[in-house]
$ cat start-v6.tsv   # TSV, C-alpha atoms
chain	number	residue	atom	x	y	z
A	105	MET	CA	-16.81	-44.72	51.12
A	106	TYR	CA	-16.63	-43.83	54.81
A	107	LYS	CA	-14.95	-47.19	55.60
A	108	HIS	CA	-12.22	-46.02	53.26
A	109	TYR	CA	-11.68	-42.93	55.41
A	110	ALA	CA	-11.40	-45.10	58.54
A	111	SER	CA	-8.74	-47.44	57.14
A	112	PRO	CA	-5.29	-47.24	58.82
A	113	TRP	CA	-3.42	-46.57	55.57
A	114	PHE	CA	-5.66	-43.65	54.74
A	115	ILE	CA	-5.41	-42.13	58.23
A	116	GLY	CA	-1.63	-42.44	58.24
A	117	LEU	CA	-1.17	-40.95	54.79
A	118	ALA	CA	-3.71	-38.20	55.44
A	119	LEU	CA	-1.99	-37.21	58.70
A	120	ALA	CA	1.41	-37.14	56.99
A	121	MET	CA	0.08	-34.92	54.21
A	122	LEU	CA	-1.71	-32.68	56.72
A	123	ILE	CA	1.44	-32.18	58.80
A	124	ALA	CA	3.50	-31.52	55.68
A	125	ALA	CA	0.92	-29.09	54.28
A	126	VAL	CA	0.65	-27.10	57.51
A	127	SER	CA	4.43	-27.05	57.96
A	128	LEU	CA	5.24	-25.92	54.42
A	129	ASN	CA	2.41	-23.39	54.17
A	130	THR	CA	3.20	-21.69	57.49
A	131	LYS	CA	6.95	-21.22	56.98
A	132	LYS	CA	6.55	-17.44	56.94
A	133	PHE	CA	3.81	-17.22	59.52
A	134	GLY	CA	3.78	-13.67	60.87
A	135	LYS	CA	6.89	-12.71	58.85
A	136	VAL	CA	5.39	-11.09	55.75
A	137	GLY	CA	6.92	-7.71	54.91
A	138	ASP	CA	5.09	-4.43	54.38
A	139	TRP	CA	5.73	-4.55	50.61
A	140	GLU	CA	3.24	-7.40	50.04
A	141	ASP	CA	-0.43	-6.96	49.15
A	142	ILE	CA	-1.61	-8.09	52.58
A	143	TYR	CA	-0.06	-4.93	54.03
A	144	TYR	CA	-2.15	-2.74	51.74
A	145	ILE	CA	-5.25	-4.75	52.65
A	146	TYR	CA	-4.32	-4.02	56.26
A	147	LEU	CA	-4.08	-0.29	55.49
A	148	GLU	CA	-7.50	-0.25	53.83
A	149	SER	CA	-8.97	-2.17	56.76
A	150	LYS	CA	-7.38	0.31	59.13
A	151	ARG	CA	-8.88	3.22	57.17
A	152	ILE	CA	-12.37	1.74	57.57
A	153	ALA	CA	-11.76	1.18	61.29
A	154	GLU	CA	-10.82	4.87	61.54
A	155	GLY	CA	-13.89	6.00	59.61
A	156	GLU	CA	-12.21	6.68	56.26
A	157	ASN	CA	-13.44	5.53	52.84
A	158	PRO	CA	-10.78	3.32	51.21
A	159	TYR	CA	-12.30	3.79	47.75
A	160	GLU	CA	-11.77	7.55	47.52
A	161	ARG	CA	-8.01	7.52	46.86
A	162	VAL	CA	-8.42	6.30	43.28
A	163	LEU	CA	-10.10	9.59	42.31
A	164	ALA	CA	-6.74	11.34	42.56
A	165	GLY	CA	-5.16	8.96	40.03
A	166	ASN	CA	-5.39	8.48	36.26
A	167	MET	CA	-6.92	4.96	36.16
A	168	ARG	CA	-3.70	3.65	34.60
A	169	ASP	CA	-0.92	3.83	37.18
A	170	ASN	CA	-1.35	1.68	40.27
A	171	ASP	CA	-0.99	3.26	43.70
A	172	LYS	CA	-2.18	0.17	45.60
A	173	TYR	CA	-5.83	1.18	45.39
A	174	ALA	CA	-8.66	-0.72	47.09
A	175	THR	CA	-9.76	-2.81	44.10
A	176	TYR	CA	-11.57	-5.62	45.93
A	177	PHE	CA	-15.19	-5.59	47.02
A	178	PRO	CA	-15.59	-4.39	50.63
A	179	LEU	CA	-16.12	-7.75	52.37
A	180	LEU	CA	-12.41	-8.36	52.91
A	181	TYR	CA	-11.68	-4.83	54.11
A	182	THR	CA	-14.75	-4.75	56.35
A	183	LEU	CA	-13.88	-8.06	58.01
A	184	GLY	CA	-10.31	-6.82	58.33
A	185	SER	CA	-11.49	-3.68	60.10
A	186	GLY	CA	-13.37	-5.91	62.52
A	187	ILE	CA	-10.18	-7.87	63.18
A	188	ILE	CA	-8.39	-4.61	63.99
A	189	VAL	CA	-11.19	-3.36	66.25
A	190	LEU	CA	-11.14	-6.69	68.11
A	191	GLY	CA	-7.49	-6.22	68.99
A	192	ALA	CA	-5.22	-7.16	66.09
A	193	GLU	CA	-4.06	-3.59	65.64
A	194	SER	CA	-0.48	-4.26	64.50
A	195	PHE	CA	0.28	-5.49	61.00
A	196	VAL	CA	1.93	-8.65	62.37
A	197	ALA	CA	-1.15	-9.62	64.40
A	198	TYR	CA	-3.44	-8.75	61.48
A	199	GLN	CA	-1.55	-10.91	58.98
A	200	GLN	CA	-1.42	-13.82	61.41
A	201	VAL	CA	-5.22	-13.90	61.64
A	202	TRP	CA	-5.57	-13.96	57.87
A	203	GLN	CA	-2.81	-16.55	57.52
A	204	VAL	CA	-4.65	-18.92	59.85
A	205	ILE	CA	-7.89	-18.45	57.92
A	206	SER	CA	-6.07	-18.87	54.60
A	207	VAL	CA	-4.36	-22.13	55.58
A	208	LEU	CA	-7.64	-23.55	56.91
A	209	CYS	CA	-9.31	-22.70	53.60
A	210	LEU	CA	-6.45	-24.34	51.69
A	211	LEU	CA	-6.79	-27.53	53.74
A	212	ALA	CA	-10.54	-27.50	53.11
A	213	ILE	CA	-9.87	-27.19	49.38
A	214	GLY	CA	-7.50	-30.16	49.58
A	215	PHE	CA	-10.10	-32.24	51.40
A	216	LEU	CA	-12.83	-31.38	48.89
A	217	VAL	CA	-10.55	-32.28	45.98
A	218	TYR	CA	-9.77	-35.68	47.51
A	219	HIS	CA	-13.33	-36.39	48.66
A	220	THR	CA	-14.75	-35.57	45.23
A	221	LEU	CA	-12.33	-37.82	43.36
A	222	ALA	CA	-12.54	-40.61	45.96
A	223	SER	CA	-16.35	-40.57	45.75
A	224	LEU	CA	-15.93	-41.38	42.04
A	225	GLY	CA	-13.51	-44.22	42.80
A	226	TYR	CA	-10.33	-42.30	41.98
A	227	TYR	CA	-8.50	-42.93	45.26
A	228	LEU	CA	-4.91	-42.83	44.02
A	229	LEU	CA	-5.67	-39.91	41.71
A	230	GLY	CA	-7.22	-38.17	44.72
A	231	PHE	CA	-3.95	-38.35	46.66
A	232	PHE	CA	-2.02	-37.15	43.64
A	233	ALA	CA	-4.44	-34.24	43.17
A	234	VAL	CA	-4.18	-33.22	46.83
A	235	ALA	CA	-0.37	-33.25	46.67
A	236	PHE	CA	-0.55	-31.30	43.41
A	237	VAL	CA	-2.78	-28.63	44.97
A	238	LEU	CA	-1.16	-28.34	48.40
A	239	PHE	CA	2.55	-28.56	47.62
A	240	ASN	CA	3.12	-26.86	44.27
A	241	ARG	CA	5.29	-23.73	44.12
A	242	TRP	CA	2.37	-21.34	43.49
A	243	THR	CA	0.44	-22.53	46.54
A	244	LEU	CA	3.55	-22.19	48.69
A	245	TYR	CA	4.12	-18.72	47.28
A	246	VAL	CA	0.57	-17.58	48.07
A	247	SER	CA	0.90	-18.89	51.63
A	248	GLY	CA	4.34	-17.34	51.96
A	249	VAL	CA	3.15	-13.82	51.11
A	250	ALA	CA	-0.15	-14.16	53.03
A	251	GLN	CA	-2.34	-13.62	49.97
A	252	ILE	CA	-6.07	-14.18	50.43
A	253	ASP	CA	-6.76	-16.21	47.26
A	254	PHE	CA	-7.61	-19.47	49.06
A	255	ILE	CA	-10.32	-17.66	51.02
A	256	ALA	CA	-12.01	-16.74	47.73
A	257	MET	CA	-11.30	-20.09	46.05
A	258	LEU	CA	-13.02	-22.20	48.70
A	259	PRO	CA	-16.57	-20.85	48.17
A	260	LEU	CA	-16.02	-21.04	44.40
A	261	LEU	CA	-15.10	-24.73	44.62
A	262	LEU	CA	-18.08	-25.34	46.91
A	263	SER	CA	-20.25	-23.53	44.37
A	264	LEU	CA	-19.22	-25.87	41.56
A	265	LEU	CA	-19.74	-28.92	43.76
A	266	TRP	CA	-23.24	-27.68	44.63
A	267	LEU	CA	-24.36	-27.27	41.00
A	268	ARG	CA	-26.23	-30.58	41.06
A	269	LYS	CA	-27.52	-30.21	44.60
A	270	ASN	CA	-28.96	-26.71	44.75
A	271	PHE	CA	-28.30	-24.24	41.96
A	272	VAL	CA	-29.40	-21.19	43.97
A	273	ILE	CA	-26.94	-22.02	46.77
A	274	ALA	CA	-24.27	-22.56	44.09
A	275	LEU	CA	-24.95	-19.06	42.76
A	276	MET	CA	-24.79	-17.53	46.23
A	277	LEU	CA	-21.46	-19.25	46.93
A	278	PHE	CA	-20.16	-17.90	43.63
A	279	GLY	CA	-21.18	-14.44	44.77
A	280	LEU	CA	-19.42	-14.98	48.10
A	281	SER	CA	-16.20	-15.79	46.24
A	282	LEU	CA	-16.54	-12.55	44.24
A	283	ALA	CA	-17.16	-10.59	47.43
A	284	VAL	CA	-13.78	-11.74	48.78
A	285	LYS	CA	-11.77	-11.36	45.55
A	286	GLN	CA	-13.34	-10.96	42.13
A	287	ILE	CA	-10.88	-13.04	40.09
A	288	ALA	CA	-13.75	-15.43	39.28
A	289	ILE	CA	-15.81	-12.64	37.66
A	290	PHE	CA	-14.93	-14.13	34.26
A	291	LEU	CA	-16.99	-17.23	35.16
A	292	THR	CA	-20.21	-15.19	35.20
A	293	PRO	CA	-21.20	-16.13	31.61
A	294	LEU	CA	-20.67	-19.80	32.50
A	295	TYR	CA	-23.11	-19.52	35.39
A	296	MET	CA	-25.61	-17.83	33.07
A	297	VAL	CA	-25.21	-20.70	30.58
A	298	TRP	CA	-25.69	-23.27	33.33
A	299	ALA	CA	-28.74	-21.45	34.69
A	300	TRP	CA	-30.28	-21.51	31.23
A	301	GLN	CA	-29.51	-25.24	30.84
A	302	VAL	CA	-30.78	-26.15	34.30
A	303	TYR	CA	-34.10	-24.33	34.08
A	304	GLY	CA	-34.63	-24.17	30.33
A	305	GLN	CA	-35.61	-20.51	30.52
A	306	ARG	CA	-33.72	-17.46	29.27
A	307	LEU	CA	-35.11	-15.48	32.19
A	308	TRP	CA	-33.22	-17.74	34.59
A	309	ALA	CA	-29.92	-16.59	33.13
A	310	LEU	CA	-30.80	-13.10	34.38
A	311	ARG	CA	-32.24	-14.39	37.66
A	312	GLY	CA	-28.98	-16.23	38.18
A	313	LEU	CA	-27.13	-12.92	37.95
A	314	VAL	CA	-29.33	-11.52	40.71
A	315	TYR	CA	-28.54	-14.41	43.05
A	316	ALA	CA	-24.81	-14.22	42.26
A	317	ALA	CA	-24.73	-10.45	42.77
A	318	ALA	CA	-26.67	-10.49	46.05
A	319	ILE	CA	-23.74	-10.81	48.49
A	320	PRO	CA	-21.31	-8.49	46.64
A	321	LEU	CA	-24.06	-5.89	46.29
A	322	LEU	CA	-25.09	-6.17	49.93
A	323	VAL	CA	-21.57	-5.61	51.26
A	324	SER	CA	-20.89	-2.87	48.70
A	325	LEU	CA	-24.05	-0.84	49.18
A	326	PRO	CA	-22.81	1.24	52.16
A	327	PHE	CA	-19.67	2.23	50.23
A	328	MET	CA	-21.65	2.97	47.09
A	329	ILE	CA	-23.82	5.33	49.12
A	330	TRP	CA	-20.71	6.79	50.76
A	331	ASN	CA	-18.96	7.61	47.45
A	332	LEU	CA	-20.38	5.96	44.34
A	333	LYS	CA	-17.81	7.36	41.91
A	334	GLY	CA	-14.87	6.33	44.07
A	335	PHE	CA	-16.27	2.82	44.51
A	336	ILE	CA	-16.93	2.29	40.78
A	337	TYR	CA	-13.54	3.67	39.75
A	338	SER	CA	-11.72	1.51	42.32
A	339	VAL	CA	-13.48	-1.73	41.36
A	340	PHE	CA	-12.95	-1.12	37.62
A	341	PHE	CA	-9.34	0.00	37.98
A	342	SER	CA	-8.13	-3.56	37.33
A	343	ALA	CA	-9.67	-3.40	33.85
A	344	THR	CA	-7.89	-0.18	32.82
A	345	ARG	CA	-4.54	-0.31	34.64
A	346	ASN	CA	-1.21	-0.52	32.83
A	347	PRO	CA	0.17	-3.99	32.07
A	348	SER	CA	2.22	-5.55	34.84
A	349	THR	CA	3.74	-8.94	35.51
A	350	HIS	CA	5.85	-10.69	38.14
A	351	ILE	CA	7.54	-13.06	35.68
A	352	GLY	CA	8.60	-10.88	32.73
A	353	ALA	CA	6.37	-12.58	30.14
A	354	ASP	CA	4.34	-10.10	28.09
A	355	SER	CA	0.78	-10.94	27.10
A	356	MET	CA	-0.54	-10.80	23.53
A	357	ASP	CA	-2.08	-7.32	23.95
A	358	VAL	CA	1.23	-5.89	25.19
A	359	VAL	CA	3.11	-7.34	22.21
A	360	MET	CA	0.46	-5.81	19.90
A	361	HIS	CA	0.62	-2.45	21.73
A	362	MET	CA	-3.05	-2.58	22.70
A	363	ALA	CA	-4.20	-0.55	25.70
A	364	GLY	CA	-7.21	0.01	27.95
A	365	LEU	CA	-10.34	-2.10	27.59
A	366	ALA	CA	-9.36	-3.05	24.01
A	367	ALA	CA	-6.41	-4.94	25.49
A	368	LYS	CA	-8.88	-7.38	27.06
A	369	LEU	CA	-10.38	-8.42	23.71
A	370	PRO	CA	-7.97	-11.32	22.95
A	371	MET	CA	-8.62	-12.84	26.38
A	372	LEU	CA	-12.37	-12.27	26.25
A	373	GLY	CA	-12.53	-13.68	22.72
A	374	MET	CA	-10.84	-16.90	23.80
A	375	MET	CA	-13.08	-17.13	26.86
A	376	GLY	CA	-16.08	-16.68	24.58
A	377	LEU	CA	-15.14	-19.94	22.85
A	378	VAL	CA	-15.14	-21.69	26.24
A	379	PHE	CA	-18.62	-20.34	26.93
A	380	VAL	CA	-19.84	-21.66	23.58
A	381	LEU	CA	-18.32	-25.08	24.29
A	382	ALA	CA	-20.02	-25.10	27.69
A	383	TYR	CA	-23.32	-24.09	26.11
A	384	THR	CA	-23.07	-26.97	23.62
A	385	LYS	CA	-22.19	-29.30	26.52
A	386	LYS	CA	-18.74	-30.11	25.14
A	387	LEU	CA	-17.14	-29.00	28.40
A	388	GLY	CA	-18.16	-29.94	31.94
A	389	PRO	CA	-18.09	-27.38	34.76
A	390	MET	CA	-14.66	-28.19	36.19
A	391	LEU	CA	-12.81	-28.24	32.88
A	392	ALA	CA	-14.61	-25.11	31.67
A	393	THR	CA	-13.66	-23.33	34.89
A	394	ALA	CA	-10.04	-24.48	34.59
A	395	PHE	CA	-9.89	-23.24	30.99
A	396	VAL	CA	-11.23	-19.80	31.95
A	397	PHE	CA	-8.56	-19.39	34.62
A	398	ILE	CA	-5.82	-20.68	32.32
A	399	LEU	CA	-6.89	-18.14	29.70
A	400	PHE	CA	-6.87	-15.43	32.35
A	401	ILE	CA	-3.31	-16.40	33.30
A	402	ASP	CA	-2.11	-16.64	29.69
A	403	PHE	CA	-3.87	-13.63	28.13
A	404	ASN	CA	-4.50	-11.04	30.85
A	405	SER	CA	-2.15	-8.06	30.61
A	406	VAL	CA	-1.67	-8.12	34.39
A	407	LEU	CA	-0.14	-11.33	35.72
A	408	PHE	CA	0.90	-11.88	39.32
A	409	ARG	CA	2.21	-15.12	40.79
A	410	GLN	CA	-0.87	-15.67	42.96
A	411	TYR	CA	-3.06	-15.98	39.86
A	412	PHE	CA	-1.59	-19.40	39.04
A	413	VAL	CA	-3.25	-21.13	42.00
A	414	TRP	CA	-6.75	-20.39	40.68
A	415	ALA	CA	-6.62	-23.02	37.95
A	416	LEU	CA	-5.11	-25.83	40.03
A	417	PRO	CA	-8.01	-27.45	41.97
A	418	PHE	CA	-10.35	-27.25	38.98
A	419	LEU	CA	-7.74	-28.72	36.67
A	420	ALA	CA	-7.21	-31.53	39.19
A	421	LEU	CA	-10.97	-32.21	39.23
A	422	ALA	CA	-11.48	-31.95	35.46
A	423	VAL	CA	-11.29	-35.75	35.12
A	424	ALA	CA	-14.58	-35.95	37.02
A	425	ASP	CA	-16.35	-34.30	34.08
A	426	PHE	CA	-15.74	-37.40	31.95
A	427	LYS	CA	-16.89	-40.12	34.35
A	428	PRO	CA	-20.50	-41.36	34.17
A	429	ARG	CA	-22.66	-40.21	37.08
A	430	SER	CA	-20.02	-37.64	37.98
A	431	LEU	CA	-19.84	-33.85	38.16
A	432	ASN	CA	-20.76	-33.39	34.50
A	433	PHE	CA	-24.04	-32.18	35.81
A	434	TYR	CA	-26.52	-30.73	33.30
A	435	PRO	CA	-29.13	-31.79	35.89
A	436	GLN	CA	-32.86	-32.06	35.73
A	437	ASP	CA	-35.08	-29.10	36.52
A	438	GLN	CA	-34.36	-28.03	40.11
A	439	GLN	CA	-37.20	-25.55	40.56
$ encode --input "start-v6.tsv" --output "C-alpha cells"
Amino acid sequence: MYKHYASPWFIGLALAMLIAAVSLNTKKFGKVGDWEDIYYIYLESKRIAEGENPYERVLAGNMRDNDKYATYFPLLYTLGSGIIVLGAESFVAYQQVWQVISVLCLLAIGFLVYHTLASLGYYLLGFFAVAFVLFNRWTLYVSGVAQIDFIAMLPLLLSLLWLRKNFVIALMLFGLSLAVKQIAIFLTPLYMVWAWQVYGQRLWALRGLVYAAAIPLLVSLPFMIWNLKGFIYSVFFSATRNPSTHIGADSMDVVMHMAGLAAKLPMLGMMGLVFVLAYTKKLGPMLATAFVFILFIDFNSVLFRQYFVWALPFLALAVADFKPRSLNFYPQDQQ
C-alpha cells in the first residue's frame, strides 16, 4: 500500500490534483462580500469578543422569519472570537483564516477518500472519487463563499472511518462535527442503531447519545447558563423557519402547504426507512449516511447550495460498503 504512494506516477498525479484543488478552491481568497454567511458568523464572533450574547437576538423575532440569527452551536463563534482577539479584527482577515482552515479540511477529506478506496484496491476509482469531491461545482461554490461546511464534514468522515476501530472515538468525532455545524444531526438515529448493533445492548444506544452530545454540550453550557431561552430558540430556529431555497425548487411540504414542524414529516418519514434498512443491515454506514444527506437535500424545506456537498464524499465511498472486509463494519463487541 505505502509503496503505491511512493510510485512516481502517483506522486505526479497527486501533486497535479493538489495544485489544481488549491488553485480552484482559493480563487476568491479574501474576497468574500458581506452578504455571505461567513460575514454573519464574523458578526456573532465579534459580539462574543465584545462580551455580548449572540443567541439573544432571536428572542425579538417570531421563529419564522430569518434575521441571520446565530443558529450554530457555539464552538464556531467561540473560536472565531479567539481569532478576532488574536488580531484578525477586520472581516477580510477573519475570512482568510477560516478559508485556510476550510481548504485544509477539504484536502484532508480528499486524502481520506482516496486512501480508503485505495486500501480496498480501488486505485482508479479513488482518483475519480477525489476529483469528484474536490472539483465539482458545489465544492467550488462552498470554497468561493467561505462557508465552513468542510470543517464540520471532516470530523464526520473520520467518525465513520473509526466505526470499526473505536466506537467511542467515532461518537466523539460525530459530536465534534455537530459542534461546528449541526447538519449531521439527522444521523443521530443511525449512530444509535450502530451502537445497539456493536454492543448488543439497548442501553448502549442511550450511552452513545451521551458520548455524541459531550462536546456540543460542553461548548454550549456557558451560553445555556447565560441565556437558556435564547440559546434554545436560536438552535431550534432552523426547524421552524419559513421555507427558503437558493435554486427555486420547492420541497414536498411547500407544495402541500405544510408549515412548522409538521413540514419536516415527509423528510423524517423517508429517513426513518433508511434507519430501518440500517438496522436490518441492508445498508452499510457510508451508503446510509449518503442517503440521509440526499433526503435532507431533496425533502428539507430550506435548501441552500452548500448543502449539496454533504452527500458527496459518502456517496463516493458507498462502494466500500459492498466489498468483503471493507467498511461494512457491524464489528464484534468493542467493549
$ closest_residue --input "start-v6.tsv" --among "A:Val396, A:Met257, A:Leu117, A:Leu387" --to "Gly373 in chain A" --atoms "all atoms listed in the file"
A:Val396
$ closest_atom_pairs --input "start-v6.tsv" --of "range 173-209 of chain A" --to "range 153-168 of chain A" --cutoff "12 Å" --atoms "all atoms listed in the file" --output "JSON lines"
{"residue": "A:Tyr173", "atom": "CA", "partner": "A:Val162", "partner_atom": "CA", "distance": 6.1}
{"residue": "A:Ala174", "atom": "CA", "partner": "A:Tyr159", "partner_atom": "CA", "distance": 5.8}
{"residue": "A:Thr175", "atom": "CA", "partner": "A:Tyr159", "partner_atom": "CA", "distance": 8.0}
{"residue": "A:Tyr176", "atom": "CA", "partner": "A:Tyr159", "partner_atom": "CA", "distance": 9.6}
{"residue": "A:Phe177", "atom": "CA", "partner": "A:Tyr159", "partner_atom": "CA", "distance": 9.8}
{"residue": "A:Pro178", "atom": "CA", "partner": "A:Pro158", "partner_atom": "CA", "distance": 9.1}
{"residue": "A:Leu180", "atom": "CA", "partner": "A:Pro158", "partner_atom": "CA", "distance": 11.9}
{"residue": "A:Tyr181", "atom": "CA", "partner": "A:Pro158", "partner_atom": "CA", "distance": 8.7}
{"residue": "A:Thr182", "atom": "CA", "partner": "A:Ala153", "partner_atom": "CA", "distance": 8.3}
{"residue": "A:Leu183", "atom": "CA", "partner": "A:Ala153", "partner_atom": "CA", "distance": 10.0}
{"residue": "A:Gly184", "atom": "CA", "partner": "A:Ala153", "partner_atom": "CA", "distance": 8.7}
{"residue": "A:Ser185", "atom": "CA", "partner": "A:Ala153", "partner_atom": "CA", "distance": 5.0}
{"residue": "A:Gly186", "atom": "CA", "partner": "A:Ala153", "partner_atom": "CA", "distance": 7.4}
{"residue": "A:Ile187", "atom": "CA", "partner": "A:Ala153", "partner_atom": "CA", "distance": 9.4}
{"residue": "A:Ile188", "atom": "CA", "partner": "A:Ala153", "partner_atom": "CA", "distance": 7.2}
{"residue": "A:Val189", "atom": "CA", "partner": "A:Ala153", "partner_atom": "CA", "distance": 6.7}
{"residue": "A:Leu190", "atom": "CA", "partner": "A:Ala153", "partner_atom": "CA", "distance": 10.4}
{"residue": "A:Gly191", "atom": "CA", "partner": "A:Ala153", "partner_atom": "CA", "distance": 11.5}
{"residue": "A:Ala192", "atom": "CA", "partner": "A:Ala153", "partner_atom": "CA", "distance": 11.6}
{"residue": "A:Glu193", "atom": "CA", "partner": "A:Ala153", "partner_atom": "CA", "distance": 10.0}
$ closest_residue --input "start-v6.tsv" --among "A:Phe395, A:Phe254, A:Phe232, A:Tyr226" --to "Asn129 in chain A" --atoms "all atoms listed in the file"
A:Phe254
$ atom_distance --input "start-v6.tsv" --atom1 "CA of Asp138 in chain A" --atom2 "CA of Ser194 in chain A"
11.6 Å
$ residues_around --input "start-v6.tsv" --residues "Ile287 in chain A" --least-positions-apart "6" --cutoff "9 Å" --atoms "all atoms listed in the file" --output "list in words"
Asp253, Ala256, Ser281, Phe397, Tyr411 and Trp414 of chain A
$ atom_distance --input "start-v6.tsv" --atom1 "CA of Thr384 in chain A" --atom2 "CA of Ile289 in chain A"
21.3 Å
$ closest_residue --input "start-v6.tsv" --among "A:Leu369, A:Leu261, A:Val378, A:Ala212" --to "Leu238 in chain A" --atoms "only C-alpha atoms"
A:Ala212
$ decode --input "start-v6.tsv" --residues "range 358-383 of chain A" --atoms "N, CA and C atoms" --output "mmCIF file, in the first residue's frame"
data_model
loop_
_atom_site.group_PDB
_atom_site.id
_atom_site.type_symbol
_atom_site.label_atom_id
_atom_site.label_comp_id
_atom_site.auth_asym_id
_atom_site.auth_seq_id
_atom_site.Cartn_x
_atom_site.Cartn_y
_atom_site.Cartn_z
ATOM 1 N N VAL A 358 -43.716 22.310 0.953
ATOM 2 C CA VAL A 358 -44.136 23.611 0.436
ATOM 3 C C VAL A 358 -45.272 23.430 -0.571
ATOM 4 N N VAL A 359 -45.134 22.448 -1.452
ATOM 5 C CA VAL A 359 -46.175 22.171 -2.445
ATOM 6 C C VAL A 359 -47.488 21.793 -1.758
ATOM 7 N N MET A 360 -47.389 21.091 -0.609
ATOM 8 C CA MET A 360 -48.576 20.654 0.127
ATOM 9 C C MET A 360 -49.043 21.677 1.155
ATOM 10 N N HIS A 361 -48.393 22.841 1.182
ATOM 11 C CA HIS A 361 -48.755 23.934 2.093
ATOM 12 C C HIS A 361 -48.667 23.509 3.566
ATOM 13 N N MET A 362 -47.655 22.716 3.880
ATOM 14 C CA MET A 362 -47.393 22.333 5.259
ATOM 15 C C MET A 362 -46.450 23.367 5.872
ATOM 16 N N ALA A 363 -46.548 23.548 7.189
ATOM 17 C CA ALA A 363 -45.732 24.569 7.846
ATOM 18 C C ALA A 363 -45.253 24.072 9.194
ATOM 19 N N GLY A 364 -44.205 24.736 9.731
ATOM 20 C CA GLY A 364 -43.706 24.423 11.059
ATOM 21 C C GLY A 364 -43.070 23.044 11.126
ATOM 22 N N LEU A 365 -43.152 22.424 12.288
ATOM 23 C CA LEU A 365 -42.549 21.106 12.489
ATOM 24 C C LEU A 365 -43.223 20.041 11.636
ATOM 25 N N ALA A 366 -44.524 20.214 11.341
ATOM 26 C CA ALA A 366 -45.233 19.245 10.502
ATOM 27 C C ALA A 366 -44.624 19.152 9.111
ATOM 28 N N ALA A 367 -44.003 20.249 8.661
ATOM 29 C CA ALA A 367 -43.392 20.264 7.341
ATOM 30 C C ALA A 367 -42.191 19.319 7.255
ATOM 31 N N LYS A 368 -41.652 18.920 8.402
ATOM 32 C CA LYS A 368 -40.492 18.032 8.417
ATOM 33 C C LYS A 368 -40.897 16.559 8.315
ATOM 34 N N LEU A 369 -42.190 16.260 8.427
ATOM 35 C CA LEU A 369 -42.629 14.865 8.481
ATOM 36 C C LEU A 369 -42.303 14.069 7.212
ATOM 37 N N PRO A 370 -42.500 14.608 6.003
ATOM 38 C CA PRO A 370 -42.104 13.818 4.822
ATOM 39 C C PRO A 370 -40.628 13.439 4.833
ATOM 40 N N MET A 371 -39.762 14.391 5.165
ATOM 41 C CA MET A 371 -38.325 14.110 5.212
ATOM 42 C C MET A 371 -37.997 13.098 6.299
ATOM 43 N N LEU A 372 -38.550 13.312 7.488
ATOM 44 C CA LEU A 372 -38.257 12.405 8.599
ATOM 45 C C LEU A 372 -38.808 11.009 8.339
ATOM 46 N N GLY A 373 -39.957 10.935 7.665
ATOM 47 C CA GLY A 373 -40.517 9.622 7.330
ATOM 48 C C GLY A 373 -39.617 8.851 6.387
ATOM 49 N N MET A 374 -39.093 9.516 5.373
ATOM 50 C CA MET A 374 -38.173 8.866 4.443
ATOM 51 C C MET A 374 -36.884 8.464 5.148
ATOM 52 N N MET A 375 -36.377 9.338 6.019
ATOM 53 C CA MET A 375 -35.170 8.995 6.761
ATOM 54 C C MET A 375 -35.412 7.801 7.675
ATOM 55 N N GLY A 376 -36.627 7.698 8.216
ATOM 56 C CA GLY A 376 -36.956 6.562 9.064
ATOM 57 C C GLY A 376 -36.780 5.237 8.334
ATOM 58 N N LEU A 377 -37.095 5.215 7.037
ATOM 59 C CA LEU A 377 -36.894 3.998 6.247
ATOM 60 C C LEU A 377 -35.411 3.661 6.132
ATOM 61 N N VAL A 378 -34.572 4.690 6.018
ATOM 62 C CA VAL A 378 -33.117 4.461 5.973
ATOM 63 C C VAL A 378 -32.645 3.857 7.288
ATOM 64 N N PHE A 379 -33.178 4.357 8.402
ATOM 65 C CA PHE A 379 -32.771 3.840 9.706
ATOM 66 C C PHE A 379 -33.174 2.367 9.855
ATOM 67 N N VAL A 380 -34.343 2.025 9.347
ATOM 68 C CA VAL A 380 -34.792 0.630 9.395
ATOM 69 C C VAL A 380 -33.882 -0.245 8.541
ATOM 70 N N LEU A 381 -33.539 0.226 7.353
ATOM 71 C CA LEU A 381 -32.645 -0.533 6.477
ATOM 72 C C LEU A 381 -31.268 -0.709 7.114
ATOM 73 N N ALA A 382 -30.797 0.318 7.811
ATOM 74 C CA ALA A 382 -29.519 0.197 8.513
ATOM 75 C C ALA A 382 -29.635 -0.794 9.665
ATOM 76 N N TYR A 383 -30.747 -0.745 10.374
ATOM 77 C CA TYR A 383 -30.961 -1.668 11.496
ATOM 78 C C TYR A 383 -30.985 -3.125 11.017
#
